[in-house]
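Structure file upload.cif (mmCIF, C-alpha atoms) follows.
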```
data_protein
#
loop_
_atom_site.label_atom_id
_atom_site.label_comp_id
_atom_site.auth_asym_id
_atom_site.auth_seq_id
_atom_site.Cartn_x
_atom_site.Cartn_y
_atom_site.Cartn_z
CA MET R 1262 25.34 -46.79 15.57
CA MET R 1263 24.19 -49.46 17.96
CA SER R 1264 26.68 -51.21 20.27
CA SER R 1265 27.39 -54.87 19.46
CA SER R 1266 26.22 -55.64 22.96
CA ALA R 1267 22.81 -54.01 22.47
CA SER R 1268 19.82 -56.15 23.19
CA PRO R 1269 17.29 -57.10 20.49
CA ALA R 1270 14.77 -54.79 22.22
CA ASP R 1271 17.18 -51.83 22.01
CA LEU R 1272 17.83 -52.60 18.35
CA ALA R 1273 14.10 -52.71 17.61
CA ASP R 1274 13.56 -49.37 19.38
CA ALA R 1275 16.36 -47.76 17.38
CA ILE R 1276 14.91 -49.00 14.11
CA ARG R 1277 11.46 -47.67 15.02
CA GLN R 1278 12.94 -44.27 15.92
CA GLN R 1279 14.79 -44.04 12.62
CA ALA R 1280 11.62 -44.94 10.76
CA VAL R 1281 9.70 -42.18 12.56
CA GLN R 1282 12.38 -39.61 11.74
CA ALA R 1283 12.53 -40.65 8.09
CA GLY R 1284 8.76 -40.51 7.80
CA ALA R 1285 8.56 -37.06 9.35
CA ALA R 1286 10.96 -35.73 6.71
CA THR R 1287 9.19 -37.40 3.75
CA PRO R 1288 5.95 -35.75 2.53
CA ALA R 1289 4.77 -38.96 0.87
CA VAL R 1290 4.91 -40.68 4.26
CA ARG R 1291 3.85 -37.76 6.40
CA GLY R 1292 0.91 -36.73 4.21
CA ALA R 1293 -0.50 -33.25 3.73
CA ASP R 1294 0.14 -30.57 6.35
CA TRP R 1295 -0.09 -26.79 6.90
CA ARG R 1296 1.61 -24.14 9.01
CA GLN R 1297 2.37 -20.43 9.20
CA ALA R 1298 5.34 -18.74 7.54
CA ILE R 1299 6.78 -15.26 6.86
CA VAL R 1300 7.30 -14.03 3.28
CA GLN R 1301 10.91 -13.15 2.49
CA THR R 1302 10.62 -12.61 -1.28
CA VAL R 1303 7.68 -12.11 -3.64
CA ASN R 1304 8.71 -13.76 -6.91
CA THR R 1305 7.48 -12.68 -10.35
CA ASP R 1306 6.31 -16.20 -11.29
CA GLY R 1307 3.41 -16.29 -8.83
CA THR R 1308 5.35 -17.83 -5.95
CA VAL R 1309 6.71 -16.56 -2.64
CA LEU R 1310 9.86 -17.55 -0.78
CA THR R 1311 9.49 -17.81 2.99
CA THR R 1312 12.13 -16.97 5.56
CA ASP R 1313 12.66 -20.68 6.25
CA GLY R 1314 13.43 -21.47 2.61
CA ILE R 1315 10.10 -22.73 1.25
CA THR R 1316 8.97 -21.71 -2.23
CA ALA R 1317 5.18 -21.87 -2.39
CA ARG R 1318 2.81 -21.02 -5.22
CA ARG R 1319 0.19 -18.41 -4.37
CA LEU R 1320 -3.48 -19.15 -4.78
CA GLU R 1321 -5.49 -16.78 -6.98
CA SER R 1322 -7.12 -15.39 -3.84
CA TYR R 1323 -3.74 -14.34 -2.36
CA GLN R 1324 -3.38 -10.95 -4.04
CA ASN R 1325 -0.96 -8.06 -3.35
CA ALA R 1326 1.61 -10.28 -1.66
CA ALA R 1327 4.23 -8.31 0.25
CA VAL R 1328 7.48 -8.98 2.10
CA ASN R 1329 6.89 -9.81 5.79
CA ASP R 1330 3.35 -11.03 5.22
CA ARG R 1331 2.45 -13.77 7.70
CA ILE R 1332 0.85 -16.47 5.57
CA VAL R 1333 -0.52 -20.00 5.70
CA VAL R 1334 1.39 -22.56 3.62
CA THR R 1335 0.25 -26.09 2.99
CA ILE R 1336 2.04 -29.10 1.48
CA SER R 1337 0.61 -31.99 -0.49
CA GLY R 1338 1.55 -35.61 -0.04
CA SER R 1339 3.81 -35.29 -3.10
CA GLY R 1340 5.72 -32.38 -1.54
CA GLN R 1341 4.20 -29.44 -3.44
CA TRP R 1342 3.76 -26.22 -1.44
CA LEU R 1343 0.88 -23.71 -1.74
CA ALA R 1344 0.55 -20.27 -0.14
CA THR R 1345 -3.15 -20.06 0.63
CA GLY R 1346 -3.17 -16.48 1.89
CA ARG R 1347 -2.12 -14.10 4.63
CA THR R 1348 -3.11 -14.20 8.27
CA ALA R 1349 -1.76 -10.69 8.78
CA ALA R 1350 -0.03 -8.25 6.44
CA ALA R 1351 2.98 -6.35 7.69
CA THR R 1352 1.98 -3.49 5.37
CA GLU R 1353 -1.68 -3.43 6.39
CA GLN R 1354 -2.88 0.01 7.49
CA ALA R 1355 -6.63 0.14 8.09
CA PHE R 1356 -7.41 3.82 7.47
CA ALA R 1357 -4.47 5.25 9.37
CA THR R 1358 -4.23 9.00 9.89
CA TYR R 1359 -1.32 11.04 8.57
CA THR R 1360 -0.55 14.73 8.13
CA PRO R 1361 0.26 15.61 4.49
CA THR R 1362 2.80 18.31 3.75
CA TRP R 1363 1.45 21.13 1.56
CA THR R 1364 4.13 22.46 -0.79
CA SER R 1365 4.61 24.24 -4.10
CA ASP R 1366 7.19 24.25 -6.87
CA SER R 1367 8.18 27.83 -5.97
CA SER R 1368 7.62 29.44 -2.55
CA ASN R 1369 5.90 27.04 -0.17
CA PRO R 1370 2.55 28.00 1.35
CA SER R 1371 1.97 28.00 5.11
CA LEU R 1372 -1.13 26.50 6.72
CA GLY R 1373 -1.43 29.01 9.56
CA ASN R 1374 -4.71 28.42 11.40
CA GLY R 1375 -6.09 26.28 8.60
CA THR R 1376 -6.53 22.51 8.91
CA LEU R 1377 -4.96 19.69 6.90
CA THR R 1378 -5.52 15.97 7.53
CA GLY R 1379 -5.07 12.75 5.61
CA ARG R 1380 -6.40 9.21 5.90
CA TYR R 1381 -5.26 6.13 4.00
CA TRP R 1382 -5.65 2.38 3.84
CA ARG R 1383 -2.88 0.10 2.61
CA HIS R 1384 -3.31 -3.55 1.69
CA GLY R 1385 -0.14 -5.07 0.27
CA THR R 1386 1.01 -2.50 -2.27
CA ASN R 1387 -2.46 -1.01 -2.87
CA VAL R 1388 -2.93 2.40 -1.24
CA THR R 1389 -6.14 4.42 -1.24
CA GLY R 1390 -6.96 7.49 0.78
CA SER R 1391 -8.05 11.10 1.03
CA ILE R 1392 -6.76 14.54 1.97
CA ASN R 1393 -8.97 17.24 3.52
CA MET R 1394 -7.84 20.82 3.83
CA THR R 1395 -9.56 24.02 4.97
CA VAL R 1396 -7.92 27.38 4.36
CA GLY R 1397 -7.61 29.56 7.47
CA SER R 1398 -7.62 33.31 7.95
CA THR R 1399 -3.84 33.28 8.52
CA THR R 1400 -2.99 30.76 5.78
CA GLY R 1401 -0.15 31.95 3.54
CA LEU R 1402 -0.66 31.08 -0.14
CA GLY R 1403 3.00 31.14 -1.20
CA SER R 1404 3.64 31.04 -4.95
CA GLY R 1405 3.70 28.46 -7.72
CA ASN R 1406 1.82 25.19 -8.28
CA TYR R 1407 0.50 23.28 -5.27
CA PHE R 1408 1.25 19.69 -4.18
CA TRP R 1409 0.17 17.51 -1.27
CA GLN R 1410 2.35 14.74 0.15
CA LEU R 1411 1.25 11.10 -0.16
CA PRO R 1412 1.49 8.64 2.76
CA THR R 1413 4.01 6.38 0.97
CA ASN R 1414 6.15 6.49 -2.15
CA VAL R 1415 4.51 5.45 -5.41
CA SER R 1416 5.96 2.69 -7.59
CA PRO R 1417 6.99 4.47 -10.83
CA THR R 1418 6.16 1.30 -12.81
CA GLY R 1419 2.95 0.44 -10.94
CA LEU R 1420 -0.69 1.36 -11.24
CA ILE R 1421 -1.48 5.06 -10.76
CA THR R 1422 -5.10 6.15 -11.06
CA ILE R 1423 -6.56 9.58 -11.67
CA GLY R 1424 -8.31 10.51 -8.44
CA GLN R 1425 -11.01 13.04 -7.73
CA ALA R 1426 -10.76 16.47 -6.17
CA GLN R 1427 -13.14 19.26 -5.21
CA VAL R 1428 -12.82 22.86 -4.14
CA LEU R 1429 -15.71 24.33 -2.14
CA ILE R 1430 -15.65 28.10 -1.91
CA SER R 1431 -17.11 29.36 1.36
CA GLY R 1432 -20.62 30.59 0.57
CA GLY R 1433 -20.02 30.08 -3.15
CA ASN R 1434 -19.27 27.56 -5.85
CA ARG R 1435 -18.29 23.91 -5.64
CA TRP R 1436 -15.74 23.04 -8.34
CA PRO R 1437 -14.86 19.44 -9.42
CA GLY R 1438 -11.32 18.50 -10.38
CA GLN R 1439 -8.78 15.70 -10.78
CA ALA R 1440 -6.05 14.46 -8.44
CA VAL R 1441 -3.01 13.56 -10.54
CA ILE R 1442 0.16 11.68 -9.51
CA SER R 1443 3.05 11.85 -11.95
CA PRO R 1444 5.07 8.63 -12.55
CA THR R 1445 8.20 10.80 -12.30
CA ASP R 1446 7.09 12.62 -9.13
CA THR R 1447 6.23 9.73 -6.86
CA ASN R 1448 5.60 11.15 -3.40
CA ARG R 1449 3.01 13.87 -3.93
CA VAL R 1450 -0.26 14.63 -5.71
CA GLY R 1451 -1.37 17.72 -7.60
CA VAL R 1452 -4.90 18.94 -8.29
CA TYR R 1453 -6.24 20.13 -11.63
CA MET R 1454 -9.39 22.20 -12.06
CA ALA R 1455 -11.36 23.23 -15.10
CA THR R 1456 -10.87 26.84 -16.13
CA ALA R 1457 -13.64 29.29 -16.84
CA ALA R 1458 -12.66 29.19 -20.52
CA ALA R 1459 -15.11 27.79 -23.02
CA ASN R 1460 -12.82 24.87 -23.92
CA SER R 1461 -12.92 23.59 -20.31
CA ALA R 1462 -9.15 23.08 -20.23
CA ILE R 1463 -7.79 22.01 -16.86
CA ARG R 1464 -4.94 23.68 -14.99
CA ARG R 1465 -3.09 22.88 -11.81
CA LEU R 1466 -4.17 24.49 -8.55
CA SER R 1467 -1.70 27.20 -7.68
CA ALA R 1468 -1.31 30.33 -5.60
CA LEU R 1469 -2.80 32.36 -8.45
CA ASN R 1470 -5.35 29.80 -9.60
CA GLY R 1471 -6.82 28.21 -6.48
CA SER R 1472 -10.06 27.53 -8.37
CA PRO R 1473 -11.94 28.94 -11.36
CA ASP R 1474 -13.10 31.63 -8.89
CA GLY R 1475 -9.52 32.75 -8.31
CA VAL R 1476 -7.12 32.52 -5.36
CA LEU R 1477 -7.93 30.49 -2.26
CA THR R 1478 -9.75 32.40 0.46
CA ALA R 1479 -10.45 31.71 4.13
CA SER R 1480 -12.81 28.78 4.79
CA THR R 1481 -12.31 27.33 1.28
CA GLN R 1482 -12.28 23.53 1.47
CA ILE R 1483 -10.15 21.22 -0.70
CA ARG R 1484 -10.95 17.51 -0.88
CA ILE R 1485 -8.62 15.04 -2.63
CA SER R 1486 -8.95 11.27 -3.14
CA PHE R 1487 -6.16 9.03 -4.46
CA GLN R 1488 -5.26 5.43 -5.26
CA TYR R 1489 -1.95 4.00 -6.39
CA GLU R 1490 0.45 1.08 -6.23
CA ALA R 1491 3.09 1.72 -3.59
CA THR R 1492 6.75 0.80 -3.64
CA PRO R 1493 6.97 -2.64 -1.90
#
```

Rewrite the structure from the file as structure tokens, please.
Amino acid sequence: MMSSSASPADLADAIRQQAVQAGAATPAVRGADWRQAIVQTVNTDGTVLTTDGITARRLESYQNAAVNDRIVVTISGSGQWLATGRTAAATEQAFATYTPTWTSDSSNPSLGNGTLTGRYWRHGTNVTGSINMTVGSTTGLGSGNYFWQLPTNVSPTGLITIGQAQVLISGGNRWPGQAVISPTDTNRVGVYMATAAANSAIRRLSALNGSPDGVLTASTQIRISFQYEATP
């Protein structure tokens, strides 16, 4: 409030300042604008809520939105917000390396002097990657069906594809197979190979059935590829 003794010039300055403040808070006066924001919630209606309380509708090009994405939001003169896309994704992993755990549903195998590596790329909730393993001379086969750990947990209600797998016997056959993730077993992948039977039925790789040629032997290579929708 202005003092009753304020000069006309002071009064005019105060009015101008109030007009500037009111205009800055009114989109219709301020006009269109854009800035960066952090995603707090990904809503199911095609919008995102930012950490500073803005609900913005995602453009079609802004796919796989994830919490903590740094995005660009823009506002129209009528006050409508749009999320145009991310500048950086908190869940982005550009072909990061990880070491999968090799297990079984009975007695776990041991890698010994074999090698086991994994690579994956994550964009939002989409994860794709590969696992490469070579059996060593001191590798212990354990017992039961084999599994390989995934880099992140799988969403049990999300997209899970059937990946590819291959077993290359040292100096012998190359067998194709499938990499399968169960919706009820969401942190590992199993491999299925065709049997030598005439009906070409597939069975899970195990200590007894490492390939149609039999148990895994030294220098055998296993290659697995996978893709799935991760838990946000």

(request) Could you tell me which residues the PyMOL selection byres ((chain R and resi 1381-1383) around 7) returns for this structure, as a PyMOL selection string? (result) chain R and resi 1352-1358+1379-1380+1384-1391

(request) Carefully work through the PyMOL selection byres ((chain R and resi 1364) around 7) for this structure and note down the residues it includes, as a list of chain:residue names. (result) R:Thr1362, R:Trp1363, R:Ser1365, R:Asn1369, R:Pro1370, R:Tyr1407, R:Phe1408, R:Trp1409

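Nearest-residue note for R:Trp1342: choosing from R:Val1415, R:Leu1310, R:Leu1429, R:Ala1455, the minimum distance belongs to R:Leu1310, counting all atoms listed in the file.
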
(request) Identify all residues satisfying the PyMOL selection byres ((chain R and resi 1327) around 7) in the given file; provide them as a PyMOL selection string. (result) chain R and resi 1303+1325-1326+1328-1330+1385+1493

Writing out the chosen residues with C-alpha atoms as an mmCIF file, keeping the file's coordinate frame:
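Output (again.cif):
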```
data_model
loop_
_atom_site.group_PDB
_atom_site.id
_atom_site.type_symbol
_atom_site.label_atom_id
_atom_site.label_comp_id
_atom_site.auth_asym_id
_atom_site.auth_seq_id
_atom_site.Cartn_x
_atom_site.Cartn_y
_atom_site.Cartn_z
ATOM 1 C CA VAL R 1303 7.680 -12.110 -3.640
ATOM 2 C CA ASN R 1325 -0.960 -8.060 -3.350
ATOM 3 C CA ALA R 1326 1.610 -10.280 -1.660
ATOM 4 C CA VAL R 1328 7.480 -8.980 2.100
ATOM 5 C CA ASN R 1329 6.890 -9.810 5.790
ATOM 6 C CA ASP R 1330 3.350 -11.030 5.220
ATOM 7 C CA GLY R 1385 -0.140 -5.070 0.270
ATOM 8 C CA PRO R 1493 6.970 -2.640 -1.900
#
```

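Of the residues under consideration (R:Gly1475, R:Pro1417, R:Gly1432, R:Gly1314), R:Pro1417 shows the shortest atom-to-atom contact distance to R:Pro1444 when counting all atoms listed in the file.
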
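When atom CA of R:Thr1418 is paired with atom CA of R:Glu1490, their separation reads 8.7 Å.
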
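Counting from atom CA of R:Ser1480, the distance to atom CA of R:Ile1430 is 7.3 Å.
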
(request) Could you give me, as a ChimeraX atom specification, the residues within 12 Å of R:Pro1473, counting all atoms listed in the file and dropping anything in the same chain fewer than 3 positions from it? (result) /R:1427-1430,1433-1438,1453-1458,1461-1467,1469-1470,1476-1477

Write a file of the just-selected residues containing C-alpha atoms, as an mmCIF file, in the coordinates of the input.
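Output saved as out_8.cif:
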```cif
data_model
loop_
_atom_site.group_PDB
_atom_site.id
_atom_site.type_symbol
_atom_site.label_atom_id
_atom_site.label_comp_id
_atom_site.auth_asym_id
_atom_site.auth_seq_id
_atom_site.Cartn_x
_atom_site.Cartn_y
_atom_site.Cartn_z
ATOM 1 C CA GLN R 1427 -13.140 19.260 -5.210
ATOM 2 C CA VAL R 1428 -12.820 22.860 -4.140
ATOM 3 C CA LEU R 1429 -15.710 24.330 -2.140
ATOM 4 C CA ILE R 1430 -15.650 28.100 -1.910
ATOM 5 C CA GLY R 1433 -20.020 30.080 -3.150
ATOM 6 C CA ASN R 1434 -19.270 27.560 -5.850
ATOM 7 C CA ARG R 1435 -18.290 23.910 -5.640
ATOM 8 C CA TRP R 1436 -15.740 23.040 -8.340
ATOM 9 C CA PRO R 1437 -14.860 19.440 -9.420
ATOM 10 C CA GLY R 1438 -11.320 18.500 -10.380
ATOM 11 C CA TYR R 1453 -6.240 20.130 -11.630
ATOM 12 C CA MET R 1454 -9.390 22.200 -12.060
ATOM 13 C CA ALA R 1455 -11.360 23.230 -15.100
ATOM 14 C CA THR R 1456 -10.870 26.840 -16.130
ATOM 15 C CA ALA R 1457 -13.640 29.290 -16.840
ATOM 16 C CA ALA R 1458 -12.660 29.190 -20.520
ATOM 17 C CA SER R 1461 -12.920 23.590 -20.310
ATOM 18 C CA ALA R 1462 -9.150 23.080 -20.230
ATOM 19 C CA ILE R 1463 -7.790 22.010 -16.860
ATOM 20 C CA ARG R 1464 -4.940 23.680 -14.990
ATOM 21 C CA ARG R 1465 -3.090 22.880 -11.810
ATOM 22 C CA LEU R 1466 -4.170 24.490 -8.550
ATOM 23 C CA SER R 1467 -1.700 27.200 -7.680
ATOM 24 C CA LEU R 1469 -2.800 32.360 -8.450
ATOM 25 C CA ASN R 1470 -5.350 29.800 -9.600
ATOM 26 C CA VAL R 1476 -7.120 32.520 -5.360
ATOM 27 C CA LEU R 1477 -7.930 30.490 -2.260
#
```

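Picture a line from atom CA of R:Thr1478 to atom CA of R:Ala1426; it runs 17.3 Å.
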
(request) Pick out the closest residue to R:Val1441 from this set: R:Ala1491, R:Ile1421, R:Ala1298, R:Leu1320. Count only C-alpha atoms. (result) R:Ile1421

Each side padded by 4 Å, which centre and which edge lengths in Å (one decimal) define the axis-aligned box around the listed atoms of stretch 1420-1431 of chain R? Give them as AutoDock Vina command-line options.
```
--center_x -8.9 --center_y 15.4 --center_z -5.2 --size_x 24.4 --size_y 36.0 --size_z 21.0
```

(message) When you look at stretch 1307-1309 of chain R with a cut-off of 10 Å (counting all atoms listed in the file), what residues show up, excluding the ones that are within fewer than 2 positions of it in the same chain? I need them as an NGL selection string.
(response) :R and (1299-1305 or 1311-1312 or 1314-1321 or 1323-1324 or 1326-1328 or 1342-1344)

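Proximity ranking of R:Arg1484, R:Val1450, R:Gln1279, R:Arg1347 relative to R:Asn1414 places R:Val1450 first, based on all atoms listed in the file.
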
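Here the question is which of R:Thr1376, R:Gln1488, R:Asn1406, R:Ser1398 gets nearest to R:Ile1423 using all atoms listed in the file, and that residue is R:Gln1488.
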
(message) Using all atoms listed in the file, which protein or nucleic acid residues come within 9 Å of R:Arg1296? Drop anything in the same chain fewer than 6 positions from it, and give the result as a PyMOL selection string.
(response) chain R and resi 1332-1335
